[in-house]
Amino acid sequence: MQETVVQFGPDQGLLGILTTPHDSVRIVGAPIAVIINAGIVHRIGPFGLHVKMARQLAEAGFSTLRLDLSGLGDSLPRTEKLGGENRAVLDVSDALDFLQANQGSGRFVMLGLCSGAFNAHQITVQDDRIIGAVFMDGIVFRTTGYFWRHTVGRLLKPRTYRNAIKRRSLARSQKWVTEDAAVELAESEFFFADDIQQTEITDDLNRLIRRDVSMLFLYTDGYDDVCGIGQFQEMYGITPNAQVQVDYFPKSEHTFRLVENRSVVCTRIANWYHERFGSSHAVDNSTQPLQEMV
Amino acid sequence: MTPYFFGKTQQQLFGALHHAQSSKSEAHRTVVICPPIGQEYVRSHWCLRLLARQLSRKGINVLRPDYRGIGDSAGTNEETTSIKQWHQDVHSAIEFACEQTDSQNVMLIGLRYGGAIASSVAAESSKVNSLILWEPVIDAVQYLQSQRAMHKQMIDLWVCKLKTANDSAREEILGSVYSRQLLDELENTVVDLDAIDQPQFIVDLFEHRGAYTVNQMQRFMPAEDENSWTNLQFLEAGWLRAATARQIALMADEMFSRLRNYNQLGLKQNPIAARVPALPSSDGAISTATQSTPTY
């Protein structure tokens, strides 16, 4: 496995870490994974999740780019005037162009957590070079099933009351953010556009299915707007299958805080990647020597 | 900024080198930043990048390295078995920064446990000309206790009952696994600022001012910031201290000017051995200080 710094985009301002597998395990012709920022955390991901993911994928034979979107981590902000376009789409497009020119692969898989999943969705819909995507705690809509499982289900759990009491006593002992401030904070960290329509996302997903894009949707119990694996079908009316896979991690926080959480999700992704892209895929072209590497 | 991997191939370290930008730019004005460890490293990335950019605008070269097993550097946290390995990484970073900027020595800026690492490296290296410590970990026992307490709190409030690794070989604390050997060493970290010959500028919370007393080689600036390191609710919140970073950049600039003036006096010996002149006198926020018993 080798890790290299790469820079590309306007004024070479975008930065990423390219993790490539050892030749002995490399799966020739496999798509390159591109992992983008979750929130404002730089390219290593929350609790180093993206580093672990990239290294595990490299051990399985796949290359990965951990990218800092413009203005995040060590990438420079884009300075050109844009007409309301999602900058992440432009950044990733630059990244794919760079990888295509320097790594000899024209097929990619997007991976993103939270706002990263939102951006990954937008990018995957717009760029035909993307043949797979992993959305971790991405775009969700509350359903009736969610109400029963989340609200009623939690009301029946003694641990809900225990934790609520503990949080309250903690608030007294520490400078805990008040409820109003917490809402304000949550809103300020809400990265998704507020006008997303469920029908629009459903249409997007159906279009991706027709385009033969492999998708893996992962949800955690720590993500407040989703509860249970069944919510996926309730939201989009799509029955999970080999192409569209869904998983739910009931013991995990939204950002995979614990080592075990990260280990489970990285293994799930590596297995999925191997299952979908590990067999002999047509090789686009031969690998060219890297340029613009540092 | 130019990113690099440096060091041995199997143990390469990541470093972001910000080149000096202003006309003041001089080869000997180089800073190596020692970041915190664990989740504090992630929280402070943005702020340390900001600090590096401010320093570079003042004509100072800055290297922001990642220790082994942390950030983009090779290895995992768990594989680090001694804090001496992190010290070694800082020594390597100093060598690399000097090579890249044609400098003879550097200033170290250490944040949190990075402050403890910077202090140890400064005490053993002739290539460190001065030191800035930002909310440094002075009492490692207290530091580990607070980290463990937050971890316990986090697990206690988890959606279900669970346990994390904690045995004779390793322990998980706030999402990072540490080898037991490393934790034992970490707990026994001694930060003796009086034993360091280089000039030191200490920036710490007002409530911690009692941890430092007067000394000719040390200056203390109380930071008007909140202590969010021990509050679980801020575990994943970015640690943004732009105003304090700006003051530190000003102070670093001033310290370099004094080091240059000292060298121009024709005293060839290393400032570490000869002791450089005292830092600027108190002006409001800045006061003289040395270490005494920590209060946290």
# chains A, B, ... in the order shown; residues from 1 in each chain; ligands from 1
$ interface_residues --of "chain B" --to "chain A" --cutoff "8 Å" --atoms "only C-alpha atoms" --output "ChimeraX atom specification"
/B:3-5,39,42,45-46,49,71-72,157,159-160,164,172,174-177,231,233
$ select_by_dssp --residues "segment 118-290 of chain B" --states "helix (DSSP H, G or I)" --output "PyMOL selection string"
chain B and resi 118-124+140-156+180-187+193-195+206-211+232-234+242-264+271-274
$ write_last_selection --atoms "C-alpha atoms" --output "short mmCIF file (atom, residue, chain, number, x, y, z; two decimals), in the first residue's frame"
data_model
loop_
_atom_site.label_atom_id
_atom_site.label_comp_id
_atom_site.auth_asym_id
_atom_site.auth_seq_id
_atom_site.Cartn_x
_atom_site.Cartn_y
_atom_site.Cartn_z
CA ALA B 118 7.30 20.31 22.21
CA SER B 119 8.70 20.92 25.73
CA SER B 120 10.44 17.55 25.79
CA VAL B 121 11.88 18.02 22.32
CA ALA B 122 13.05 21.55 23.17
CA ALA B 123 14.84 20.25 26.24
CA GLU B 124 16.84 17.77 24.19
CA ALA B 140 -0.64 14.52 32.24
CA VAL B 141 -2.40 12.61 35.02
CA GLN B 142 -5.22 15.15 35.10
CA TYR B 143 -5.32 15.18 31.32
CA LEU B 144 -5.78 11.43 31.06
CA GLN B 145 -8.30 11.46 33.88
CA SER B 146 -10.44 14.02 32.09
CA GLN B 147 -10.19 12.12 28.80
CA ARG B 148 -11.22 8.89 30.51
CA ALA B 149 -14.05 10.63 32.33
CA MET B 150 -15.42 11.98 29.05
CA HIS B 151 -15.11 8.55 27.47
CA LYS B 152 -16.98 6.97 30.36
CA GLN B 153 -19.68 9.62 30.09
CA MET B 154 -20.01 9.03 26.35
CA ILE B 155 -20.37 5.27 26.76
CA ASP B 156 -22.79 5.74 29.64
CA ARG B 180 -1.07 0.27 27.54
CA GLN B 181 2.65 0.95 27.36
CA LEU B 182 2.03 4.32 25.70
CA LEU B 183 -0.63 5.27 28.23
CA ASP B 184 1.69 4.41 31.11
CA GLU B 185 4.35 6.65 29.64
CA LEU B 186 1.84 9.35 28.83
CA GLU B 187 0.58 9.35 32.40
CA LEU B 193 9.19 24.35 31.93
CA ASP B 194 11.89 25.62 34.28
CA ALA B 195 14.25 23.00 32.90
CA PHE B 206 -7.30 32.76 32.45
CA GLU B 207 -8.49 30.17 34.97
CA HIS B 208 -5.14 28.34 34.59
CA ARG B 209 -2.97 31.39 35.27
CA GLY B 210 -2.15 30.01 38.71
CA ALA B 211 -0.23 27.19 37.06
CA LEU B 232 -18.32 15.95 26.01
CA GLN B 233 -20.78 18.06 24.09
CA PHE B 234 -17.91 19.68 22.20
CA ALA B 242 -9.07 32.86 15.50
CA ALA B 243 -8.43 35.84 17.80
CA THR B 244 -5.97 33.94 19.97
CA ALA B 245 -4.25 32.51 16.90
CA ARG B 246 -3.76 36.05 15.64
CA GLN B 247 -2.15 37.11 18.94
CA ILE B 248 0.13 34.09 18.85
CA ALA B 249 1.21 34.93 15.30
CA LEU B 250 2.07 38.47 16.46
CA MET B 251 4.04 37.11 19.38
CA ALA B 252 5.94 34.62 17.23
CA ASP B 253 6.90 37.47 14.90
CA GLU B 254 8.12 39.48 17.88
CA MET B 255 10.08 36.56 19.28
CA PHE B 256 11.84 36.01 15.96
CA SER B 257 12.77 39.69 15.83
CA ARG B 258 14.32 39.45 19.27
CA LEU B 259 16.21 36.30 18.34
CA ARG B 260 17.59 38.09 15.28
CA ASN B 261 18.60 41.14 17.33
CA TYR B 262 20.33 38.85 19.75
CA ASN B 263 22.25 37.16 16.94
CA GLN B 264 23.22 40.56 15.52
CA PRO B 271 20.75 30.96 22.41
CA ILE B 272 19.83 27.81 24.25
CA ALA B 273 23.17 27.71 25.97
CA ALA B 274 23.54 31.44 26.40
#
$ residues_around --residues "Ser279 of chain A" --least-positions-apart "6" --cutoff "12 Å" --atoms "only C-alpha atoms" --output "ChimeraX atom specification"
/A:26-31,60-62,272-273
$ atom_distance --atom1 "atom CA of Val137 of chain B" --atom2 "atom CA of Ala52 of chain B"
21.0 Å
$ atom_distance --atom1 "atom CA of Gly237 of chain A" --atom2 "atom CA of Lys157 of chain A"
29.0 Å
$ residues_around --residues "Tyr223 of chain A" --least-positions-apart "4" --cutoff "12 Å" --atoms "only C-alpha atoms" --output "list in words"
Leu113, Cys114, Met136, Asp137, Gly138, Ile139, Val140, Phe141, Arg142, His150, Leu218, Tyr219, Cys227, Gly228, Tyr248, Phe249, Pro250, Lys251, Ser252, Glu253, His254, Thr255 and Phe256 of chain A; Val159 of chain B
$ residues_around --residues "segment 110-112 of chain B" --least-positions-apart "5" --cutoff "6 Å" --atoms "only C-alpha atoms" --output "list in words"
Ile33, Cys34, Pro35, Pro36, Ala118, Leu133, Trp134, Glu135, Pro136 and Val137 of chain B
$ atom_distance --atom1 "atom CA of Leu55 of chain B" --atom2 "atom CA of His28 of chain B"
13.5 Å
$ residues_around --residues "segment 235-240 of chain B" --least-positions-apart "5" --cutoff "6 Å" --atoms "only C-alpha atoms" --output "PDB file with C-alpha atoms, in the first residue's frame"
ATOM      1  CA  ARG B  43     -10.885  19.404  16.440  1.00  0.00           C
ATOM      2  CA  SER B  44      -7.931  21.761  16.132  1.00  0.00           C
ATOM      3  CA  CYS B  47      -7.330  26.461  13.771  1.00  0.00           C
TER       4      CYS B  47
END
$ closest_residue --among "A:Asn119, A:Arg107, A:Asp68, A:Ile201" --to "Asn86 of chain A" --atoms "only C-alpha atoms"
A:Asn119
$ residues_around --residues "Lys58 of chain B" --least-positions-apart "2" --cutoff "7 Å" --atoms "only C-alpha atoms" --output "number ranges by chain"
B: 21-22, 24, 54-56, 60, 253
$ closest_residue --among "B:Ile109, B:Leu48, B:Ala16, B:Val128" --to "Pro65 of chain B" --atoms "only C-alpha atoms"
B:Ala16
